[in-house]
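Listing of structure-v4.cif; format and content: mmCIF, C-alpha atoms.
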```cif
data_my_file
#
loop_
_atom_site.label_atom_id
_atom_site.label_comp_id
_atom_site.auth_asym_id
_atom_site.auth_seq_id
_atom_site.Cartn_x
_atom_site.Cartn_y
_atom_site.Cartn_z
CA MET A 237 -2.08 30.35 -58.71
CA SER A 238 0.76 30.41 -56.18
CA LYS A 239 1.10 33.25 -53.72
CA LYS A 240 4.17 34.57 -55.45
CA GLU A 241 2.74 34.46 -58.95
CA PRO A 242 1.65 37.90 -60.26
CA LEU A 243 -1.87 38.44 -61.56
CA VAL A 244 -0.66 39.95 -64.84
CA SER A 245 2.65 39.15 -66.46
CA ALA A 246 2.29 40.48 -70.01
CA GLY A 247 -0.03 41.79 -72.69
CA GLU A 248 0.71 41.81 -76.41
CA SER A 249 -0.66 43.52 -79.49
CA LYS A 250 0.43 42.19 -82.87
CA ARG A 251 -1.35 45.03 -84.61
CA PHE A 252 0.85 47.71 -83.09
CA GLY A 253 3.90 45.54 -82.34
CA TYR A 254 3.52 46.36 -78.68
CA VAL A 255 4.13 44.43 -75.47
CA TYR A 256 3.17 45.52 -71.94
CA ARG A 257 4.73 43.76 -68.96
CA ALA A 258 3.57 44.03 -65.35
CA ASP A 259 3.90 42.08 -62.11
CA ASN A 260 0.72 42.61 -60.10
CA TYR A 261 0.75 41.26 -56.55
CA SER A 262 -2.13 43.47 -55.40
CA VAL A 263 -4.28 41.76 -52.75
CA LEU A 264 -7.38 43.73 -53.72
CA ASP A 265 -7.06 43.06 -57.43
CA GLY A 266 -6.87 39.36 -56.66
CA ILE A 267 -10.25 39.68 -54.93
CA ILE A 268 -12.16 42.01 -57.26
CA ASN A 269 -10.94 40.52 -60.54
CA PRO A 270 -12.72 37.12 -60.34
CA TYR A 271 -15.85 38.45 -58.62
CA LEU A 272 -16.31 41.86 -60.21
CA THR A 273 -14.17 42.79 -63.19
CA ASP A 274 -14.27 39.36 -64.86
CA PRO A 275 -18.11 39.22 -64.83
CA ILE A 276 -18.26 42.80 -66.14
CA MET A 277 -15.82 41.90 -68.91
CA LYS A 278 -18.25 39.21 -70.10
CA ILE A 279 -20.86 41.87 -70.85
CA THR A 280 -18.44 44.52 -72.12
CA PRO A 281 -18.98 45.01 -75.88
CA TYR A 282 -16.04 43.67 -77.86
CA GLY A 283 -16.09 46.75 -80.09
CA LEU A 284 -15.68 49.21 -77.19
CA PRO A 285 -12.09 50.58 -77.32
CA ALA A 286 -9.99 50.43 -74.17
CA ASN A 287 -9.07 54.11 -74.50
CA ILE A 288 -12.74 55.12 -74.29
CA ILE A 289 -13.09 53.11 -71.08
CA THR A 290 -9.98 54.83 -69.71
CA ILE A 291 -11.24 58.33 -70.47
CA PHE A 292 -14.74 57.68 -69.11
CA SER A 293 -13.57 56.09 -65.86
CA ASN A 294 -11.06 58.86 -65.18
CA THR A 295 -13.72 61.50 -65.83
CA LEU A 296 -15.73 60.02 -62.95
CA VAL A 297 -12.96 60.86 -60.46
CA PHE A 298 -12.84 64.43 -61.76
CA LEU A 299 -16.59 64.71 -61.15
CA ALA A 300 -16.11 63.23 -57.66
CA MET A 301 -13.56 65.95 -56.90
CA LEU A 302 -15.99 68.66 -58.06
CA LEU A 303 -18.63 67.22 -55.72
CA ALA A 304 -16.16 67.26 -52.83
CA LEU A 305 -15.17 70.87 -53.54
CA ARG A 306 -18.84 71.83 -53.76
CA GLY A 307 -19.67 70.26 -50.40
CA ARG A 308 -16.54 71.24 -48.46
CA HIS A 309 -18.39 73.39 -45.88
CA ASP A 310 -21.36 71.12 -45.25
CA VAL A 311 -22.35 67.47 -45.17
CA PHE A 312 -24.54 66.81 -48.20
CA SER A 313 -26.69 63.76 -48.73
CA PHE A 314 -25.23 63.23 -52.22
CA TRP A 315 -21.73 62.53 -50.88
CA PHE A 316 -22.42 58.81 -51.25
CA ILE A 317 -22.04 59.43 -54.99
CA ILE A 318 -18.31 60.13 -54.53
CA PRO A 319 -17.29 56.56 -53.55
CA ILE A 320 -19.57 55.21 -56.29
CA PHE A 321 -17.71 57.31 -58.86
CA VAL A 322 -14.29 56.42 -57.45
CA LEU A 323 -14.98 52.69 -57.25
CA SER A 324 -16.40 52.80 -60.79
CA TYR A 325 -13.10 54.34 -61.86
CA LEU A 326 -11.22 51.53 -60.13
CA ILE A 327 -13.25 48.94 -62.04
CA GLY A 328 -12.72 50.82 -65.30
CA ASP A 329 -9.00 51.02 -64.58
CA CYS A 330 -8.93 47.22 -64.44
CA ILE A 331 -11.23 46.66 -67.39
CA ASP A 332 -9.41 48.91 -69.87
CA GLY A 333 -6.27 46.79 -69.68
CA LEU A 334 -8.26 43.56 -69.91
CA GLN A 335 -10.13 44.91 -72.92
CA ALA A 336 -6.89 45.92 -74.63
CA ARG A 337 -5.43 42.43 -74.13
CA ARG A 338 -8.69 40.76 -75.14
CA THR A 339 -8.91 42.67 -78.44
CA LYS A 340 -5.14 42.75 -79.04
CA THR A 341 -5.30 46.56 -79.33
CA GLY A 342 -2.76 47.45 -76.66
CA SER A 343 -0.49 50.25 -77.86
CA PRO A 344 2.04 52.83 -76.67
CA LEU A 345 -0.75 55.42 -76.83
CA GLY A 346 -3.01 53.27 -74.66
CA GLU A 347 -0.32 52.75 -72.04
CA PHE A 348 0.46 56.46 -72.00
CA MET A 349 -3.18 57.52 -71.68
CA ASP A 350 -3.90 54.98 -68.95
CA HIS A 351 -1.00 56.00 -66.73
CA PHE A 352 -1.08 59.69 -67.67
CA LEU A 353 -4.73 60.08 -66.68
CA ASP A 354 -4.04 58.11 -63.50
CA CYS A 355 -1.68 60.95 -62.54
CA PHE A 356 -4.65 63.32 -62.47
CA VAL A 357 -6.53 60.88 -60.26
CA THR A 358 -3.79 61.12 -57.63
CA GLY A 359 -4.28 64.86 -57.24
CA GLU A 360 -8.06 64.69 -57.56
CA LEU A 361 -8.39 62.19 -54.72
CA MET A 362 -6.05 64.10 -52.41
CA ILE A 363 -7.81 67.40 -53.15
CA SER A 364 -11.14 65.66 -52.46
CA ILE A 365 -9.87 64.68 -48.99
CA PHE A 366 -8.67 68.22 -48.32
CA ALA A 367 -12.11 69.51 -49.32
CA ALA A 368 -14.04 66.84 -47.41
CA TYR A 369 -12.46 67.94 -44.14
CA ASN A 370 -12.04 71.60 -45.12
CA LEU A 371 -8.33 71.48 -44.30
CA THR A 372 -6.44 74.78 -44.10
CA ASN A 373 -2.89 73.77 -43.11
CA VAL A 374 -1.17 74.50 -46.43
CA TRP A 375 2.12 72.96 -45.33
CA ILE A 376 0.56 69.57 -44.68
CA MET A 377 -1.61 69.74 -47.78
CA CYS A 378 1.17 70.73 -50.18
CA ILE A 379 3.79 68.35 -48.78
CA VAL A 380 1.41 65.38 -48.57
CA LEU A 381 0.26 66.02 -52.14
CA THR A 382 3.86 66.21 -53.36
CA ILE A 383 4.85 62.97 -51.63
CA SER A 384 1.85 61.20 -53.14
CA TYR A 385 3.20 62.15 -56.56
CA TRP A 386 6.71 61.03 -55.61
CA THR A 387 5.22 57.61 -54.97
CA GLN A 388 3.66 57.51 -58.41
CA ALA A 389 6.74 58.90 -60.12
CA SER A 390 8.98 56.31 -58.42
CA ALA A 391 6.74 53.50 -59.70
CA PHE A 392 7.12 54.77 -63.26
CA TRP A 393 10.82 55.36 -62.70
CA GLU A 394 11.09 51.67 -61.81
CA LYS A 395 9.19 50.82 -65.00
CA TYR A 396 11.56 53.05 -66.97
CA LYS A 397 14.62 51.26 -65.58
CA THR A 398 13.34 47.65 -65.45
CA HIS A 399 10.88 47.71 -68.39
CA HIS A 400 7.98 46.30 -66.40
CA MET A 401 5.48 47.66 -63.89
CA TYR A 402 5.50 46.41 -60.33
CA PHE A 403 2.37 46.46 -58.17
CA GLY A 404 2.96 45.40 -54.57
CA LYS A 405 0.46 43.84 -52.18
CA PHE A 406 -0.65 47.32 -51.13
CA SER A 407 -0.60 49.13 -54.44
CA SER A 408 -2.65 51.61 -56.44
CA SER A 409 -5.97 49.79 -56.03
CA GLU A 410 -5.61 49.58 -52.25
CA THR A 411 -4.57 53.24 -52.10
CA VAL A 412 -7.60 54.34 -54.11
CA VAL A 413 -10.00 52.37 -51.91
CA THR A 414 -8.39 53.72 -48.73
CA LEU A 415 -8.66 57.32 -49.93
CA CYS A 416 -12.22 56.63 -51.05
CA ILE A 417 -13.16 55.42 -47.56
CA ILE A 418 -11.57 58.50 -45.96
CA ILE A 419 -13.61 60.74 -48.26
CA PHE A 420 -16.84 58.80 -47.74
CA VAL A 421 -16.81 58.76 -43.92
CA ALA A 422 -16.73 62.57 -44.03
CA CYS A 423 -20.44 62.47 -44.85
CA PHE A 424 -21.10 61.25 -41.31
CA LYS A 425 -20.98 64.31 -39.09
CA VAL A 426 -19.79 62.51 -35.94
CA ILE A 427 -16.86 60.87 -37.72
CA ARG A 428 -16.03 64.01 -39.65
CA GLU A 429 -15.91 66.19 -36.53
CA PHE A 430 -13.79 63.63 -34.71
CA LEU A 431 -11.23 63.49 -37.52
CA LYS A 432 -11.15 67.31 -37.61
CA THR A 433 -10.43 67.48 -33.86
CA SER A 434 -7.03 68.94 -32.92
CA LEU A 435 -4.67 66.59 -31.12
CA ILE A 436 -4.33 69.02 -28.23
CA SER A 437 -8.02 68.40 -27.44
CA PHE A 438 -7.15 64.91 -26.22
CA GLY A 439 -6.11 64.73 -22.59
CA PHE A 440 -3.32 62.20 -23.08
CA VAL A 441 -1.73 64.47 -25.72
CA GLN A 442 -1.76 67.39 -23.29
CA ASN A 443 -0.18 65.19 -20.63
CA LEU A 444 2.54 63.98 -23.01
CA PHE A 445 3.49 67.26 -24.68
CA GLY A 446 1.96 70.06 -22.62
CA SER A 447 2.77 73.35 -24.34
CA ASN A 448 5.69 71.82 -26.23
CA LEU A 449 5.56 70.99 -29.93
CA SER A 450 2.56 73.26 -30.49
CA TRP A 451 2.98 72.87 -34.26
CA PHE A 452 2.33 69.15 -33.80
CA THR A 453 -0.43 69.21 -31.20
CA SER A 454 -2.38 71.82 -33.20
CA ILE A 455 -2.90 69.53 -36.18
CA SER A 456 -6.06 67.48 -36.53
CA VAL A 457 -6.53 63.72 -36.43
CA ILE A 458 -7.05 63.53 -40.19
CA GLU A 459 -3.91 65.59 -40.78
CA LEU A 460 -1.95 63.19 -38.56
CA ILE A 461 -3.32 60.26 -40.56
CA LEU A 462 -2.21 61.95 -43.79
CA CYS A 463 1.27 62.63 -42.37
CA ILE A 464 1.71 59.01 -41.25
CA SER A 465 0.50 57.81 -44.65
CA SER A 466 3.07 60.05 -46.32
CA LEU A 467 5.87 58.56 -44.23
CA ILE A 468 4.78 55.10 -45.36
CA ALA A 469 4.65 56.38 -48.94
CA LEU A 470 8.24 57.60 -48.63
CA ILE A 471 9.30 54.07 -47.73
CA ASN A 472 7.63 52.83 -50.91
CA VAL A 473 9.49 55.48 -52.89
CA VAL A 474 12.80 54.24 -51.51
CA LEU A 475 11.90 50.60 -52.20
CA ALA A 476 10.92 51.39 -55.79
CA VAL A 477 14.21 53.23 -56.38
CA VAL A 478 16.15 50.33 -54.85
CA ARG A 479 14.34 47.81 -57.07
CA ALA A 480 15.17 50.04 -60.03
CA GLY A 481 18.85 49.94 -59.18
CA GLY A 482 19.06 53.56 -58.04
CA ALA A 483 18.04 57.00 -59.25
CA ASP A 484 19.87 59.31 -61.61
CA PHE A 485 20.27 63.07 -61.24
CA ARG A 486 17.19 63.76 -63.36
CA PHE A 487 14.86 61.88 -61.03
CA VAL A 488 16.46 63.32 -57.90
CA SER A 489 16.29 66.85 -59.33
CA TYR A 490 12.59 66.31 -60.10
CA CYS A 491 11.91 65.34 -56.47
CA LEU A 492 13.82 68.36 -55.17
CA LEU A 493 12.18 70.79 -57.61
CA ALA A 494 8.72 69.41 -56.84
CA LEU A 495 9.41 69.91 -53.14
CA LEU A 496 10.68 73.43 -53.85
CA VAL A 497 7.46 74.27 -55.70
CA ALA A 498 5.41 73.02 -52.73
CA VAL A 499 7.47 75.04 -50.24
CA MET A 500 7.25 78.21 -52.35
CA PHE A 501 3.47 77.94 -52.37
CA CYS A 502 3.43 77.35 -48.62
CA LEU A 503 5.36 80.60 -48.12
CA ARG A 504 2.70 82.56 -49.98
CA GLU A 505 -0.09 83.82 -47.75
CA ASN A 506 -3.78 84.37 -48.49
CA GLU A 507 -3.66 82.44 -51.75
CA SER A 508 -6.26 80.04 -53.13
CA VAL A 509 -5.40 76.66 -51.64
CA ASP A 510 -7.28 74.93 -54.45
CA PHE A 511 -5.17 76.61 -57.12
CA MET A 512 -2.03 75.80 -55.16
CA CYS A 513 -2.94 72.11 -55.16
CA PHE A 514 -3.95 72.19 -58.83
CA THR A 515 -0.63 73.78 -59.79
CA ILE A 516 1.43 71.39 -57.66
CA SER A 517 -0.41 68.46 -59.24
CA LEU A 518 0.20 69.75 -62.76
CA TYR A 519 3.90 70.35 -62.06
CA ASN A 520 4.34 66.74 -60.98
CA ILE A 521 2.22 65.52 -63.88
CA SER A 522 4.43 67.43 -66.32
CA TYR A 523 7.46 65.38 -65.23
CA ILE A 524 5.63 62.08 -64.95
CA GLY A 525 4.15 62.65 -68.41
CA THR A 526 7.65 63.13 -69.81
CA LEU A 527 8.80 59.98 -68.03
CA LEU A 528 5.87 58.00 -69.47
CA ILE A 529 6.74 59.20 -72.97
CA SER A 530 10.32 58.05 -72.40
CA ILE A 531 9.02 54.66 -71.29
CA VAL A 532 6.78 53.97 -74.29
CA THR A 533 9.22 55.44 -76.84
CA LYS A 534 12.25 53.79 -75.18
CA LYS A 535 14.15 57.08 -75.15
CA ASN A 536 16.18 58.76 -72.43
CA ASP A 537 14.26 60.56 -69.70
CA LYS A 538 14.42 64.35 -69.44
CA TYR A 539 14.77 66.92 -66.71
CA SER A 540 11.78 68.30 -64.88
CA ASP A 541 10.60 71.82 -65.75
CA PHE A 542 12.73 74.45 -64.00
CA ILE A 543 10.94 77.58 -65.18
CA LEU A 544 8.05 77.31 -62.72
CA PRO A 545 10.26 76.75 -59.62
CA ALA A 546 12.53 79.62 -60.70
CA PHE A 547 9.55 81.90 -61.24
CA LEU A 548 8.13 81.13 -57.79
CA VAL A 549 11.51 81.63 -56.08
CA ILE A 550 11.95 85.01 -57.79
CA ALA A 551 8.40 86.04 -56.84
CA ILE A 552 9.11 85.24 -53.18
CA ALA A 553 12.52 86.93 -53.29
CA VAL A 554 11.18 90.24 -54.63
CA GLY A 555 8.07 90.13 -52.44
CA LEU A 556 5.63 89.83 -55.32
CA LYS A 557 2.34 88.94 -53.62
CA SER A 558 -0.10 89.51 -56.46
CA PRO A 559 -2.63 86.67 -56.95
CA PHE A 560 -1.70 86.77 -60.62
CA VAL A 561 1.54 85.00 -59.66
CA LEU A 562 -0.48 81.93 -58.70
CA TYR A 563 -2.80 82.17 -61.69
CA GLY A 564 0.15 82.72 -64.01
CA ALA A 565 1.95 79.69 -62.58
CA PHE A 566 -1.18 77.58 -62.99
CA GLY A 567 -1.76 78.75 -66.56
CA TYR A 568 1.85 78.15 -67.56
CA ILE A 569 2.15 74.61 -66.21
CA LEU A 570 -1.30 73.68 -67.54
CA LEU A 571 -0.17 74.76 -71.00
CA VAL A 572 3.03 72.74 -70.64
CA VAL A 573 1.08 69.60 -69.72
CA LEU A 574 -1.50 70.03 -72.50
CA VAL A 575 1.09 70.69 -75.21
CA LYS A 576 3.25 67.77 -74.09
CA ALA A 577 0.29 65.37 -74.09
CA ALA A 578 -1.13 66.67 -77.37
CA ARG A 579 2.20 66.32 -79.18
CA PHE A 580 2.63 62.72 -78.09
CA ILE A 581 -0.97 61.75 -78.82
CA HIS A 582 -0.65 63.28 -82.29
CA SER A 583 2.58 61.37 -82.90
CA LYS A 584 0.78 58.11 -82.08
CA LYS A 585 -2.55 58.92 -83.72
CA GLU A 586 -2.40 55.71 -85.76
CA CYS A 587 -2.86 53.80 -82.49
CA TRP A 588 -6.22 55.41 -81.76
CA VAL A 589 -9.30 53.33 -82.57
CA TRP A 590 -12.94 54.44 -82.40
CA LYS A 591 -14.15 50.86 -82.58
CA ASN A 592 -12.29 47.61 -82.13
CA PRO A 593 -12.08 45.49 -85.28
CA GLU A 594 -14.24 42.37 -85.19
CA ASN A 595 -11.33 40.14 -86.16
CA VAL A 596 -7.81 41.16 -85.10
CA GLU A 597 -6.14 37.82 -85.61
#
```
In structure tokens, how does this file's structure come out?
Amino acid sequence: MSKKEPLVSAGESKRFGYVYRADNYSVLDGIINPYLTDPIMKITPYGLPANIITIFSNTLVFLAMLLALRGRHDVFSFWFIIPIFVLSYLIGDCIDGLQARRTKTGSPLGEFMDHFLDCFVTGELMISIFAAYNLTNVWIMCIVLTISYWTQASAFWEKYKTHHMYFGKFSSSETVVTLCIIIFVACFKVIREFLKTSLISFGFVQNLFGSNLSWFTSISVIELILCISSLIALINVVLAVVRAGGADFRFVSYCLLALLVAVMFCLRENESVDFMCFTISLYNISYIGTLLISIVTKKNDKYSDFILPAFLVIAIAVGLKSPFVLYGAFGYILLVVLVKAARFIHSKKECWVWKNPENVE
């Protein structure tokens, strides 16, 4: 295989009249596929549906997030389970597509579920990092989380415009492993305390900035790493939009509204940071879910939800500080996401299989 040749170019299902196209240049996938996923595929039961693999592997990341939230104030010996769960998800994320192509059961529903559940993984991994280091700077947390979703949304926007997925050399697999490492090293007290150290504690930072830029020097090492990573992510967003031939007003408005939601939460004081992050994640997922539906149904994309941003702006404007504002926002956007997903899954229920047929040819 030449260096420029993608790992995956296409997958086809005659049963559902479905074709999935992707160009995967991921360095990590090129390493783990022949030595890990391919051997596992040989022992994967032919009758096991790809959608079941998708659901199970994504559930592992959710459990990893719960472990991180549970251990946010201490270093627990079971934290080694988190990278095991996350890496198991990564393997499952590779295997589900291979299983769908192997059994010729790829479908619009399968593509939607795979990418839709991956959207939850984005938030779950970021929230796990916030919990692992017990971060409290809501501005950094909310903005970094939002930018991470911009990256994912731009990848799907490119798929929407070009009709095939593009995975660069440093793509989703590399991102997952990097985040996994950041979470895992938090179980070592020395490393964790170092990464939680404020920049102002370092002598060379004091010499460079003194009392200037206190907002910058007060952040921790891990927060600086997250900020730098977000700047790199923004470059990837721009590159994806350029490859897609530009962005329309719907995509731009989504980015602006998602940023507005993050800022509105940052302006609220003494709120549950966890619920803020959950709500921000769900708001972004609501748009990405709509975009994914547009991709698989080959219909025009739609605008992002404007009710939640408007509600938060009004709440700030009138000085409404009740915690029920946050809980109401969370409940509303959760309902939007669930209804949207349920309606699409129901419309494609004929694509669901509980067991792969023995002979699909």
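Residue nearest Thr526 in chain A within the list A:Ile419, A:Ala389, A:Leu548, A:Glu507: A:Ala389 [criterion: smallest interatomic distance, only C-alpha atoms].
CA of Cys330 in chain A sits 9.8 Å away from CA of Ile289 in chain A.
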- Message: Would you compute the distance between CA of Val497 in chain A and CA of Ile552 in chain A? Give it in Å to one decimal.
- Response: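 It comes out at 11.4 Å.
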- Val488 in chain A surroundings by all atoms listed in the file, 12 Å radius, close-in-sequence under 5 positions cut, as a VMD selection string: chain A and resid 386 389 to 390 393 473 to 474 477 482 to 483 493 to 495 523 538 to 540
- Task: Just the residues within 12 Å of Lys576 in chain A, please, counting all atoms listed in the file, with nothing from its chain fewer than 5 positions along; format it as an NGL selection string.
- Result: :A and (348 or 352 or 518 or 521-529 or 541 or 569-571 or 581-583)
- Of the listed residues A:Gly307, A:Gly404, A:Pro319, A:Gly333, that which approaches Met277 in chain A most closely, counting only C-alpha atoms: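 Among A:Gly307, A:Gly404, A:Pro319, A:Gly333, it is A:Gly333 that comes nearest to Met277 in chain A.
The smallest atom-to-atom distance between Arg337 in chain A and any of A:Arg257, A:Pro270, A:Thr295, A:Ala476, using only C-alpha atoms, is found for A:Arg257.
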- So which residues touch Leu299 in chain A within 10 Å, counting all atoms listed in the file, skipping near sequence neighbours fewer than 6 positions away, as a PyMOL selection string? chain A and resi 305+317-318+321-322+360
Please produce a file of those selected residues containing C-alpha atoms, as a compact mmCIF listing (two decimals), in the coordinates of the input.
```
# COMPACT_ATOMS: atom_id res chain seq x y z
CA LEU A 305 -15.17 70.87 -53.54
CA ILE A 317 -22.04 59.43 -54.99
CA ILE A 318 -18.31 60.13 -54.53
CA PHE A 321 -17.71 57.31 -58.86
CA VAL A 322 -14.29 56.42 -57.45
CA GLU A 360 -8.06 64.69 -57.56
```
- Expanded to explicit residues, what is the PyMOL selection byres ((chain A and resi 509) around 10) for this file, as a list of chain:residue names?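 When the PyMOL selection byres ((chain A and resi 509) around 10) is applied, the selected residues are A:Ile363, A:Phe366, A:Leu371, A:Thr372, A:Asn373, A:Val374, A:Met377, A:Cys378, A:Phe501, A:Cys502, A:Glu505, A:Asn506, A:Glu507, A:Ser508, A:Asp510, A:Phe511, A:Met512, A:Cys513, A:Phe514, A:Thr515.
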